[in-house]
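Colleague: As input, take target35.txt (compact mmCIF, C-alpha atoms and all ligand atoms):
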```
# COMPACT_ATOMS: atom_id res chain seq x y z
CA MET A 1 17.70 -15.77 -20.03
CA ASN A 2 20.83 -17.05 -21.69
CA GLU A 3 19.20 -17.68 -25.06
CA ILE A 4 18.64 -13.94 -25.51
CA ILE A 5 21.11 -12.42 -27.97
CA GLY A 6 22.01 -8.86 -27.04
CA HIS A 7 19.82 -6.56 -24.95
CA ASP A 8 22.14 -7.47 -22.08
CA THR A 9 21.15 -4.74 -19.63
CA ALA A 10 17.41 -5.22 -20.15
CA ALA A 11 17.70 -9.00 -19.87
CA ARG A 12 19.75 -8.70 -16.67
CA GLN A 13 17.27 -6.31 -15.03
CA LEU A 14 14.28 -8.43 -15.98
CA ARG A 15 15.93 -11.58 -14.70
CA ARG A 16 16.73 -9.90 -11.40
CA ALA A 17 13.12 -8.71 -11.01
CA ALA A 18 11.80 -12.18 -11.86
CA LEU A 19 14.12 -14.01 -9.47
CA ALA A 20 13.27 -11.57 -6.70
CA GLY A 21 9.57 -12.20 -7.37
CA ARG A 22 9.05 -8.50 -7.98
CA PRO A 23 8.08 -7.90 -11.61
CA ALA A 24 6.29 -4.68 -12.49
CA HIS A 25 2.59 -5.31 -13.10
CA ALA A 26 3.09 -4.23 -16.68
CA HIS A 27 6.19 -4.07 -18.86
CA LEU A 28 6.20 -2.39 -22.27
CA PHE A 29 8.88 -3.62 -24.71
CA THR A 30 9.51 -1.14 -27.54
CA GLY A 31 11.67 -1.25 -30.66
CA PRO A 32 11.59 -1.93 -34.41
CA PRO A 33 10.10 -5.13 -35.88
CA ALA A 34 12.01 -8.39 -35.33
CA ILE A 35 14.38 -6.87 -32.79
CA GLY A 36 13.51 -9.38 -30.09
CA LYS A 37 10.65 -7.80 -28.12
CA HIS A 38 8.47 -10.89 -28.10
CA THR A 39 11.44 -13.22 -27.54
CA LEU A 40 12.54 -11.22 -24.51
CA ALA A 41 9.00 -10.99 -23.14
CA THR A 42 8.56 -14.76 -23.49
CA ALA A 43 11.90 -15.41 -21.80
CA PHE A 44 10.75 -13.15 -18.96
CA ALA A 45 7.50 -15.11 -18.66
CA ARG A 46 9.53 -18.31 -18.42
CA THR A 47 11.87 -16.87 -15.79
CA LEU A 48 8.86 -15.80 -13.75
CA ASN A 49 7.17 -19.20 -13.82
CA CYS A 50 10.07 -21.65 -14.15
CA THR A 51 10.27 -24.26 -11.38
CA GLY A 52 13.83 -25.35 -12.17
CA GLU A 53 17.10 -24.42 -10.45
CA ASP A 54 18.70 -22.00 -12.90
CA ARG A 55 15.74 -19.98 -14.10
CA PRO A 56 14.65 -20.22 -16.84
CA CYS A 57 15.93 -23.80 -16.96
CA GLY A 58 14.32 -24.57 -20.32
CA ALA A 59 13.54 -28.12 -19.18
CA CYS A 60 10.77 -27.93 -16.57
CA ARG A 61 7.11 -28.29 -17.48
CA ALA A 62 6.50 -24.51 -17.24
CA CYS A 63 9.47 -23.63 -19.48
CA ARG A 64 8.47 -26.19 -22.09
CA LEU A 65 4.79 -25.25 -22.15
CA ILE A 66 5.54 -21.53 -22.37
CA ALA A 67 8.02 -22.09 -25.22
CA ALA A 68 5.33 -24.08 -27.04
CA GLY A 69 2.70 -21.39 -26.35
CA ARG A 70 0.56 -23.85 -24.38
CA HIS A 71 0.95 -22.87 -20.74
CA PRO A 72 -2.48 -22.33 -19.11
CA ASP A 73 -1.21 -19.26 -17.23
CA VAL A 74 0.77 -17.61 -20.03
CA GLN A 75 -1.42 -16.34 -22.79
CA THR A 76 -0.61 -14.39 -25.97
CA ILE A 77 -3.43 -12.15 -27.12
CA GLY A 78 -4.17 -11.84 -30.82
CA ALA A 79 -2.31 -13.04 -33.90
CA ASP A 80 0.58 -11.21 -35.52
CA ASN A 81 -1.13 -8.73 -37.75
CA ASP A 82 -4.51 -8.37 -36.08
CA ALA A 83 -5.48 -5.39 -33.99
CA ILE A 84 -6.31 -6.29 -30.38
CA LYS A 85 -10.04 -5.90 -29.90
CA ILE A 86 -12.10 -4.96 -26.87
CA ASP A 87 -13.51 -8.48 -26.46
CA GLN A 88 -9.98 -9.80 -26.06
CA ILE A 89 -9.23 -7.23 -23.34
CA ARG A 90 -12.45 -8.25 -21.59
CA ASP A 91 -11.31 -11.87 -21.75
CA ILE A 92 -8.04 -10.82 -20.12
CA GLN A 93 -9.91 -8.97 -17.40
CA HIS A 94 -11.94 -12.06 -16.64
CA ALA A 95 -8.96 -14.43 -16.70
CA ALA A 96 -6.85 -12.01 -14.66
CA SER A 97 -9.41 -12.05 -11.87
CA LEU A 98 -8.86 -15.81 -11.41
CA ALA A 99 -5.94 -17.30 -9.52
CA PRO A 100 -3.25 -18.89 -11.71
CA VAL A 101 -3.99 -22.51 -12.69
CA GLU A 102 -0.60 -23.92 -11.80
CA ALA A 103 2.09 -21.25 -11.98
CA ARG A 104 3.05 -18.43 -9.68
CA TRP A 105 2.18 -15.67 -12.13
CA ARG A 106 -0.58 -15.25 -14.68
CA VAL A 107 1.12 -13.60 -17.65
CA PHE A 108 -0.56 -11.95 -20.63
CA LEU A 109 1.50 -11.08 -23.70
CA LEU A 110 0.00 -8.33 -25.84
CA PRO A 111 1.95 -7.86 -29.09
CA ASN A 112 1.74 -4.68 -31.18
CA VAL A 113 -0.47 -2.76 -28.75
CA GLU A 114 -0.23 0.30 -30.99
CA ARG A 115 -2.62 -1.56 -33.30
CA ALA A 116 -5.24 -2.06 -30.58
CA THR A 117 -8.60 -0.51 -31.40
CA GLN A 118 -9.46 2.64 -29.46
CA PRO A 119 -12.08 0.91 -27.24
CA ALA A 120 -9.59 -1.89 -26.57
CA ALA A 121 -6.89 0.63 -25.62
CA ASN A 122 -9.26 2.39 -23.23
CA SER A 123 -10.30 -0.89 -21.70
CA LEU A 124 -6.66 -1.96 -21.40
CA LEU A 125 -6.01 1.20 -19.46
CA LYS A 126 -8.51 0.10 -16.82
CA THR A 127 -6.77 -3.27 -16.51
CA LEU A 128 -3.45 -1.50 -16.06
CA GLU A 129 -4.87 0.70 -13.32
CA GLU A 130 -5.94 -2.10 -11.00
CA PRO A 131 -4.19 -5.33 -11.89
CA PRO A 132 -4.60 -8.28 -9.48
CA ALA A 133 -1.40 -9.04 -7.56
CA HIS A 134 -0.64 -12.29 -9.42
CA VAL A 135 -0.94 -10.74 -12.91
CA VAL A 136 1.89 -9.52 -15.16
CA LEU A 137 1.10 -7.84 -18.48
CA LEU A 138 3.79 -7.82 -21.16
CA LEU A 139 3.06 -5.34 -23.93
CA THR A 140 5.10 -4.80 -27.08
CA ALA A 141 5.01 -1.82 -29.44
CA LEU A 142 7.18 -0.28 -32.13
CA ASP A 143 7.23 3.07 -30.39
CA ALA A 144 5.92 4.24 -27.01
CA ASN A 145 4.96 7.53 -28.67
CA ALA A 146 2.26 5.74 -30.66
CA LEU A 147 0.42 4.76 -27.45
CA LEU A 148 -1.82 6.59 -25.04
CA PRO A 149 0.53 8.33 -22.57
CA THR A 150 -1.67 7.02 -19.77
CA VAL A 151 -0.95 3.46 -20.94
CA VAL A 152 2.81 4.08 -21.13
CA SER A 153 2.97 5.72 -17.70
CA ARG A 154 1.53 2.60 -16.09
CA CYS A 155 4.17 0.33 -17.60
CA GLN A 156 7.83 -0.20 -16.96
CA VAL A 157 9.20 0.64 -20.40
CA VAL A 158 11.95 -1.62 -21.80
CA PRO A 159 13.33 0.07 -24.93
CA LEU A 160 15.24 -2.32 -27.19
CA ARG A 161 17.80 -1.02 -29.66
CA PRO A 162 19.43 -2.71 -32.65
CA LEU A 163 22.56 -4.75 -31.95
CA ALA A 164 25.92 -3.80 -33.41
CA ILE A 165 26.16 -5.10 -37.00
CA ASP A 166 29.37 -7.00 -36.13
CA ARG A 167 27.62 -8.80 -33.30
CA VAL A 168 24.80 -9.94 -35.61
CA ARG A 169 27.37 -11.13 -38.13
CA ALA A 170 29.31 -13.06 -35.48
CA VAL A 171 26.11 -14.68 -34.14
CA LEU A 172 25.04 -15.72 -37.65
CA GLU A 173 28.42 -17.33 -38.22
CA ASP A 174 28.84 -18.95 -34.79
CA ARG A 175 25.32 -20.06 -33.95
CA TRP A 176 23.77 -20.56 -37.35
CA GLY A 177 26.85 -21.57 -39.31
CA VAL A 178 26.30 -18.97 -42.07
CA GLU A 179 29.35 -18.49 -44.28
CA SER A 180 31.07 -15.19 -43.74
CA GLU A 181 30.14 -13.18 -46.86
CA GLN A 182 26.45 -14.05 -46.51
CA ALA A 183 26.58 -13.33 -42.76
CA ALA A 184 28.12 -9.93 -43.41
CA LEU A 185 25.42 -9.02 -45.94
CA LEU A 186 22.52 -10.25 -43.79
CA ALA A 187 23.92 -8.47 -40.74
CA ARG A 188 24.03 -5.19 -42.67
CA LEU A 189 20.57 -5.65 -44.16
CA SER A 190 19.17 -6.52 -40.74
CA GLY A 191 20.14 -3.14 -39.38
CA GLY A 192 21.03 -4.93 -36.14
CA ARG A 193 17.76 -6.86 -35.85
CA ILE A 194 18.80 -10.43 -35.20
CA GLY A 195 15.21 -11.70 -35.56
CA TRP A 196 15.06 -10.33 -39.10
CA ALA A 197 18.38 -11.91 -40.03
CA VAL A 198 17.32 -15.32 -38.71
CA ALA A 199 13.89 -15.13 -40.34
CA THR A 200 15.59 -14.32 -43.62
CA LEU A 201 17.86 -17.34 -43.30
CA GLU A 202 14.80 -19.53 -42.90
CA ASP A 203 12.66 -17.93 -45.58
CA SER A 204 14.30 -17.05 -48.91
CA ALA A 205 11.11 -15.24 -49.99
CA ILE A 206 12.15 -12.31 -47.78
CA LEU A 207 15.25 -11.61 -49.90
CA GLU A 208 13.30 -12.21 -53.10
CA ARG A 209 10.73 -9.65 -52.01
CA ARG A 210 13.54 -7.24 -51.19
CA GLN A 211 14.86 -7.64 -54.73
CA VAL A 212 11.41 -6.89 -56.19
CA GLU A 213 11.16 -3.78 -54.01
CA ILE A 214 14.64 -2.63 -55.03
CA ASP A 215 13.73 -3.07 -58.70
CA ALA A 216 10.63 -0.94 -58.12
CA LEU A 217 12.74 1.64 -56.29
CA THR A 218 15.35 1.93 -59.00
CA SER A 219 12.77 2.23 -61.77
CA VAL A 220 10.45 4.71 -60.06
CA ALA A 221 12.76 7.65 -60.76
CA SER A 222 12.21 7.24 -64.49
CA ALA A 223 8.51 6.35 -64.12
CA GLY A 224 5.73 8.77 -65.01
CA ARG A 225 2.98 10.06 -62.80
CA VAL A 226 0.50 7.27 -63.57
CA ASP A 227 2.97 4.50 -62.75
CA ARG A 228 3.94 6.22 -59.52
CA LEU A 229 0.32 6.52 -58.41
CA GLU A 230 -0.22 2.86 -59.27
CA LEU A 231 2.76 1.88 -57.14
CA ALA A 232 1.40 4.00 -54.26
CA SER A 233 -1.89 2.16 -54.55
CA ARG A 234 -0.24 -1.27 -54.60
CA LEU A 235 2.00 -0.52 -51.62
CA SER A 236 -0.73 1.02 -49.48
CA GLY A 237 -2.88 -2.06 -50.07
CA ASP A 238 -0.12 -4.36 -48.80
CA GLU A 239 -0.27 -3.50 -45.10
CA ALA A 240 1.70 -6.53 -43.97
CA HIS A 241 4.80 -5.41 -45.88
CA LEU A 242 4.45 -1.63 -45.97
CA GLY A 243 6.62 -1.01 -42.90
CA ALA A 244 9.41 -3.20 -44.28
CA THR A 245 9.18 -1.54 -47.70
CA LEU A 246 9.50 1.94 -46.24
CA ALA A 247 12.40 0.81 -44.05
CA LEU A 248 14.11 -0.52 -47.18
CA TRP A 249 13.53 2.77 -48.98
CA LEU A 250 14.99 4.69 -46.09
CA SER A 251 18.08 2.49 -46.05
CA TRP A 252 18.36 2.87 -49.83
CA TRP A 253 18.28 6.67 -49.81
CA ARG A 254 20.65 6.79 -46.84
CA ASP A 255 22.97 4.59 -48.89
CA LEU A 256 22.71 7.02 -51.80
CA MET A 257 23.77 9.72 -49.36
CA LEU A 258 26.77 7.66 -48.22
CA VAL A 259 27.80 6.89 -51.80
CA LYS A 260 27.45 10.55 -52.76
CA ALA A 261 29.66 11.45 -49.79
CA GLY A 262 32.25 8.91 -50.94
CA THR A 263 31.80 6.46 -48.04
CA VAL A 264 30.73 3.40 -50.03
CA ASP A 265 32.01 0.95 -47.38
CA ALA A 266 29.33 2.04 -44.93
CA VAL A 267 26.29 1.25 -47.11
CA THR A 268 23.59 -1.11 -45.84
CA ASN A 269 22.65 -2.57 -49.24
CA ALA A 270 26.18 -3.80 -49.80
CA ASP A 271 25.15 -6.10 -52.66
CA CYS A 272 23.83 -3.15 -54.73
CA VAL A 273 26.82 -0.82 -54.76
CA GLN A 274 26.92 -0.48 -58.56
CA ALA A 275 23.26 0.49 -58.82
CA LEU A 276 23.67 2.92 -55.92
CA GLN A 277 26.67 4.57 -57.59
CA ARG A 278 24.86 4.89 -60.90
CA LEU A 279 21.80 6.49 -59.26
CA ALA A 280 23.77 8.72 -56.88
CA ALA A 281 25.61 10.25 -59.84
CA GLY A 282 22.29 11.62 -61.13
CA TYR A 283 21.31 13.44 -57.93
CA GLN A 284 22.42 16.49 -55.97
CA MET A 285 23.18 15.84 -52.29
CA GLN A 286 20.33 18.16 -51.31
CA GLN A 287 17.83 16.11 -53.36
CA ILE A 288 18.94 12.95 -51.59
CA ALA A 289 18.73 14.58 -48.15
CA ASP A 290 15.22 15.83 -48.95
CA MET A 291 14.15 12.29 -49.90
CA VAL A 292 15.55 10.81 -46.67
CA HIS A 293 13.53 13.39 -44.79
CA ALA A 294 10.38 12.72 -46.88
CA ILE A 295 10.60 8.96 -46.28
CA GLN A 296 11.02 9.47 -42.54
CA GLU A 297 7.95 11.69 -42.66
CA ALA A 298 5.97 9.00 -44.55
CA ILE A 299 7.03 6.33 -42.02
CA TRP A 300 5.80 8.55 -39.23
CA GLN A 301 2.51 9.20 -41.04
CA VAL A 302 1.90 5.50 -41.66
CA ASP A 303 2.62 4.72 -37.98
CA ALA A 304 0.23 7.47 -36.96
CA ASN A 305 -2.52 6.01 -39.15
CA VAL A 306 -2.66 8.95 -41.52
CA ASN A 307 -4.22 7.99 -44.90
CA LYS A 308 -1.53 5.59 -46.13
CA ARG A 309 -2.27 5.88 -49.83
CA LEU A 310 -2.18 9.66 -49.73
CA ALA A 311 1.11 9.66 -47.79
CA LEU A 312 2.65 7.28 -50.36
CA GLU A 313 1.33 9.26 -53.32
CA VAL A 314 2.95 12.42 -52.00
CA LEU A 315 6.19 10.55 -51.35
CA LEU A 316 6.35 8.83 -54.74
CA LEU A 317 5.44 11.89 -56.74
CA ASN A 318 8.28 13.72 -55.00
CA ILE A 319 11.02 11.26 -55.96
CA PRO A 320 13.29 13.30 -58.25
CA SER A 321 13.76 11.87 -61.75
ZN ZN B 401 12.13 -24.07 -16.16
```
Kindly transcribe the structure held in the file into structure tokens.
Ligand SMILES: [Zn+2]
Modeller:
Amino acid sequence: MNEIIGHDTAARQLRRAALAGRPAHAHLFTGPPAIGKHTLATAFARTLNCTGEDRPCGACRACRLIAAGRHPDVQTIGADNDAIKIDQIRDIQHAASLAPVEARWRVFLLPNVERATQPAANSLLKTLEEPPAHVVLLLTALDANALLPTVVSRCQVVPLRPLAIDRVRAVLEDRWGVESEQAALLARLSGGRIGWAVATLEDSAILERRQVEIDALTSVASAGRVDRLELASRLSGDEAHLGATLALWLSWWRDLMLVKAGTVDAVTNADCVQALQRLAAGYQMQQIADMVHAIQEAIWQVDANVNKRLALEVLLLNIPS
């Protein structure tokens, strides 16, 4: 699993289990978006089914088909932003009951299981209780706490944490040839999520969207009630980006805290120091701390499927002017 960047301990343990032919029947990879959950799970699937010498070899038929998402025994359930539905779990149950077509293990990857519908989650639980011997389920989720405890307890949990910022910067420079100032900025903005940094390299729209969100952030303090409610409505309707927006807000208000405390060098949004200094001058430390807390609360509420619009309205109306 040499292509995995970071997550050394987890990668080593998974590789050992795969080589010994003793994977858990279900693994649950947890961690923030774009941290490498799906990449690690896919690498594990390849190590399990690779027929080469140094597993995963990357060259055998199994490795190549899995990397291309076309191996008959390694199946990813659902697209990126869709909730897993009960029919899909039933399909898994049927496929799981059959022997693998050509590989040793039949592997099912289930991304974002926290978004599974309630009937699907209940049905998944049954699959986890009595999996056939040749089946390995690889679940990913942002947070194990958002899942049924009975689901979590049947999985081997693999918690993934952000990499050190310096490591992300070094990888961007060495592997992707990014020049050093840009690498340093992306590494900071990534918060240690290499997948985010690489996606941003490949898609300039991500940084453009960040700039739009920062403009909205910096202007909301002087906006009136109506504009704030409008922004809450717009954000809550944009489910695909809401998590990223709230993460940006959290990093922004943490940065305000750092600037207020006089530790400008440690800010995440290193390209916005002037704006941060200007805004921080207008706030008391306690106001900033309260906002950090309020944003964390909103992130939790959104994850827990509380009414998103209401949570955002409360948050936005509370931003001190
Ligand atoms: Zn191989």
Colleague: Excluding A:Ala281 and its own-chain neighbours fewer than 2 positions away, which residues fall within 12 Å of it when counting only C-alpha atoms? Please give them as a list in words.
Modeller: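 Near neighbours after the sequence-gap exclusion: Leu256, Met257, Leu258, Val259, Lys260, Ala261, Gly262, Gln274, Ala275, Leu276, Gln277, Arg278, Leu279, Tyr283, Gln284, Met285, Gln287 and Ile288 of chain A.
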Colleague: Which polymer residues have any atom within 9 Å of an atom of stretch 150-163 of chain A, counting all atoms listed in the file, with same-chain residues fewer than 4 positions away left out, as a PyMOL selection string?
Modeller: chain A and resi 5-7+10+24-32+35-37+121-122+124-125+128-129+137-139+143-145+167-168+190-194
Colleague: Nearest residue to A:Val101 out of A:Leu172, A:Val292, A:Val226, A:Val74, using only C-alpha atoms?
Modeller: A:Val74
Colleague: Looking at all atoms listed in the file, which of A:Thr39, A:Asn269, A:Thr263, A:Ser233 is the one that sits closest to A:Leu207?
Modeller: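 Of A:Thr39, A:Asn269, A:Thr263, A:Ser233, the one nearest A:Leu207 is A:Asn269, counting all atoms listed in the file.
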Colleague: Please list as a PDB file with C-alpha atoms, in the coordinates of the input every residue within 12 Å of A:Leu109, counting all atoms listed in the file and excluding residues in the same chain fewer than 6 positions away.
Modeller:
```pdb
ATOM      1  CA  ALA A  26       3.090  -4.230 -16.680  1.00  0.00           C
ATOM      2  CA  HIS A  27       6.190  -4.070 -18.860  1.00  0.00           C
ATOM      3  CA  LEU A  28       6.200  -2.390 -22.270  1.00  0.00           C
ATOM      4  CA  PHE A  29       8.880  -3.620 -24.710  1.00  0.00           C
ATOM      5  CA  LYS A  37      10.650  -7.800 -28.120  1.00  0.00           C
ATOM      6  CA  HIS A  38       8.470 -10.890 -28.100  1.00  0.00           C
ATOM      7  CA  THR A  39      11.440 -13.220 -27.540  1.00  0.00           C
ATOM      8  CA  LEU A  40      12.540 -11.220 -24.510  1.00  0.00           C
ATOM      9  CA  ALA A  41       9.000 -10.990 -23.140  1.00  0.00           C
ATOM     10  CA  THR A  42       8.560 -14.760 -23.490  1.00  0.00           C
ATOM     11  CA  ALA A  43      11.900 -15.410 -21.800  1.00  0.00           C
ATOM     12  CA  PHE A  44      10.750 -13.150 -18.960  1.00  0.00           C
ATOM     13  CA  ALA A  45       7.500 -15.110 -18.660  1.00  0.00           C
ATOM     14  CA  ILE A  66       5.540 -21.530 -22.370  1.00  0.00           C
ATOM     15  CA  GLY A  69       2.700 -21.390 -26.350  1.00  0.00           C
ATOM     16  CA  ASP A  73      -1.210 -19.260 -17.230  1.00  0.00           C
ATOM     17  CA  VAL A  74       0.770 -17.610 -20.030  1.00  0.00           C
ATOM     18  CA  GLN A  75      -1.420 -16.340 -22.790  1.00  0.00           C
ATOM     19  CA  THR A  76      -0.610 -14.390 -25.970  1.00  0.00           C
ATOM     20  CA  ILE A  77      -3.430 -12.150 -27.120  1.00  0.00           C
ATOM     21  CA  GLY A  78      -4.170 -11.840 -30.820  1.00  0.00           C
ATOM     22  CA  ALA A  79      -2.310 -13.040 -33.900  1.00  0.00           C
ATOM     23  CA  ASP A  80       0.580 -11.210 -35.520  1.00  0.00           C
ATOM     24  CA  ILE A  84      -6.310  -6.290 -30.380  1.00  0.00           C
ATOM     25  CA  GLN A  88      -9.980  -9.800 -26.060  1.00  0.00           C
ATOM     26  CA  ILE A  89      -9.230  -7.230 -23.340  1.00  0.00           C
ATOM     27  CA  ILE A  92      -8.040 -10.820 -20.120  1.00  0.00           C
ATOM     28  CA  VAL A 135      -0.940 -10.740 -12.910  1.00  0.00           C
ATOM     29  CA  VAL A 136       1.890  -9.520 -15.160  1.00  0.00           C
ATOM     30  CA  LEU A 137       1.100  -7.840 -18.480  1.00  0.00           C
ATOM     31  CA  LEU A 138       3.790  -7.820 -21.160  1.00  0.00           C
ATOM     32  CA  LEU A 139       3.060  -5.340 -23.930  1.00  0.00           C
ATOM     33  CA  THR A 140       5.100  -4.800 -27.080  1.00  0.00           C
ATOM     34  CA  ALA A 141       5.010  -1.820 -29.440  1.00  0.00           C
TER      35      ALA A 141
END
```
Colleague: Taking only residues of chain A that have an atom at most 7 Å from an atom of ligand ZN 401 (chain B), what is each one's shortest atom pair and its distance in Å to one decimal, using all atoms listed in the file, in chain and number order, as CSV?
Modeller:
```
residue,atom,partner,partner_atom,distance
A:Arg46,CA,B:ZN401,ZN,6.7
A:Cys50,CA,B:ZN401,ZN,3.8
A:Thr51,CA,B:ZN401,ZN,5.1
A:Gly52,CA,B:ZN401,ZN,4.5
A:Arg55,CA,B:ZN401,ZN,5.8
A:Pro56,CA,B:ZN401,ZN,4.7
A:Cys57,CA,B:ZN401,ZN,3.9
A:Gly58,CA,B:ZN401,ZN,4.7
A:Ala59,CA,B:ZN401,ZN,5.2
A:Cys60,CA,B:ZN401,ZN,4.1
A:Arg61,CA,B:ZN401,ZN,6.7
A:Ala62,CA,B:ZN401,ZN,5.7
A:Cys63,CA,B:ZN401,ZN,4.3
```
Colleague: Kindly save the residues from that selection, with C-alpha atoms included, as a PDB file, keeping the file's coordinate frame.
Modeller:
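Listing of result04.pdb after writing:
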```
ATOM      1  CA  ARG A  46       9.530 -18.310 -18.420  1.00  0.00           C
ATOM      2  CA  CYS A  50      10.070 -21.650 -14.150  1.00  0.00           C
ATOM      3  CA  THR A  51      10.270 -24.260 -11.380  1.00  0.00           C
ATOM      4  CA  GLY A  52      13.830 -25.350 -12.170  1.00  0.00           C
ATOM      5  CA  ARG A  55      15.740 -19.980 -14.100  1.00  0.00           C
ATOM      6  CA  PRO A  56      14.650 -20.220 -16.840  1.00  0.00           C
ATOM      7  CA  CYS A  57      15.930 -23.800 -16.960  1.00  0.00           C
ATOM      8  CA  GLY A  58      14.320 -24.570 -20.320  1.00  0.00           C
ATOM      9  CA  ALA A  59      13.540 -28.120 -19.180  1.00  0.00           C
ATOM     10  CA  CYS A  60      10.770 -27.930 -16.570  1.00  0.00           C
ATOM     11  CA  ARG A  61       7.110 -28.290 -17.480  1.00  0.00           C
ATOM     12  CA  ALA A  62       6.500 -24.510 -17.240  1.00  0.00           C
ATOM     13  CA  CYS A  63       9.470 -23.630 -19.480  1.00  0.00           C
TER      14      CYS A  63
END
```
Colleague: Hey, what's within 10 Å of A:Asn305 if we count all atoms listed in the file and toss same-chain stuff fewer than 6 positions away? As a ChimeraX atom specification, please?
Modeller: /A:115,146,299
Colleague: Quick test: take stretch 212-223 of chain A, keep N, CA and C atoms, and write it as a compact mmCIF listing (two decimals), in the first residue's frame.
Modeller:
```
# COMPACT_ATOMS: atom_id res chain seq x y z
N VAL A 212 -15.30 33.27 -2.93
CA VAL A 212 -16.69 33.75 -2.83
C VAL A 212 -17.20 33.61 -1.40
N GLU A 213 -16.89 32.47 -0.78
CA GLU A 213 -17.36 32.24 0.59
C GLU A 213 -16.69 33.20 1.57
N ILE A 214 -15.42 33.50 1.33
CA ILE A 214 -14.72 34.43 2.22
C ILE A 214 -15.31 35.83 2.07
N ASP A 215 -15.63 36.21 0.83
CA ASP A 215 -16.26 37.52 0.62
C ASP A 215 -17.59 37.60 1.38
N ALA A 216 -18.36 36.51 1.31
CA ALA A 216 -19.64 36.48 2.02
C ALA A 216 -19.41 36.58 3.53
N LEU A 217 -18.40 35.87 3.99
CA LEU A 217 -18.05 35.88 5.42
C LEU A 217 -17.68 37.26 5.92
N THR A 218 -16.82 37.94 5.13
CA THR A 218 -16.33 39.23 5.59
C THR A 218 -17.42 40.30 5.51
N SER A 219 -18.41 40.10 4.64
CA SER A 219 -19.44 41.13 4.52
C SER A 219 -20.64 40.88 5.44
N VAL A 220 -20.74 39.65 5.97
CA VAL A 220 -21.95 39.33 6.74
C VAL A 220 -22.02 40.14 8.04
N ALA A 221 -20.86 40.49 8.58
CA ALA A 221 -20.86 41.22 9.85
C ALA A 221 -21.56 42.58 9.72
N SER A 222 -21.44 43.18 8.52
CA SER A 222 -22.09 44.48 8.34
C SER A 222 -23.46 44.34 7.67
N ALA A 223 -23.88 43.10 7.39
CA ALA A 223 -25.17 42.88 6.72
C ALA A 223 -26.31 42.94 7.73
```
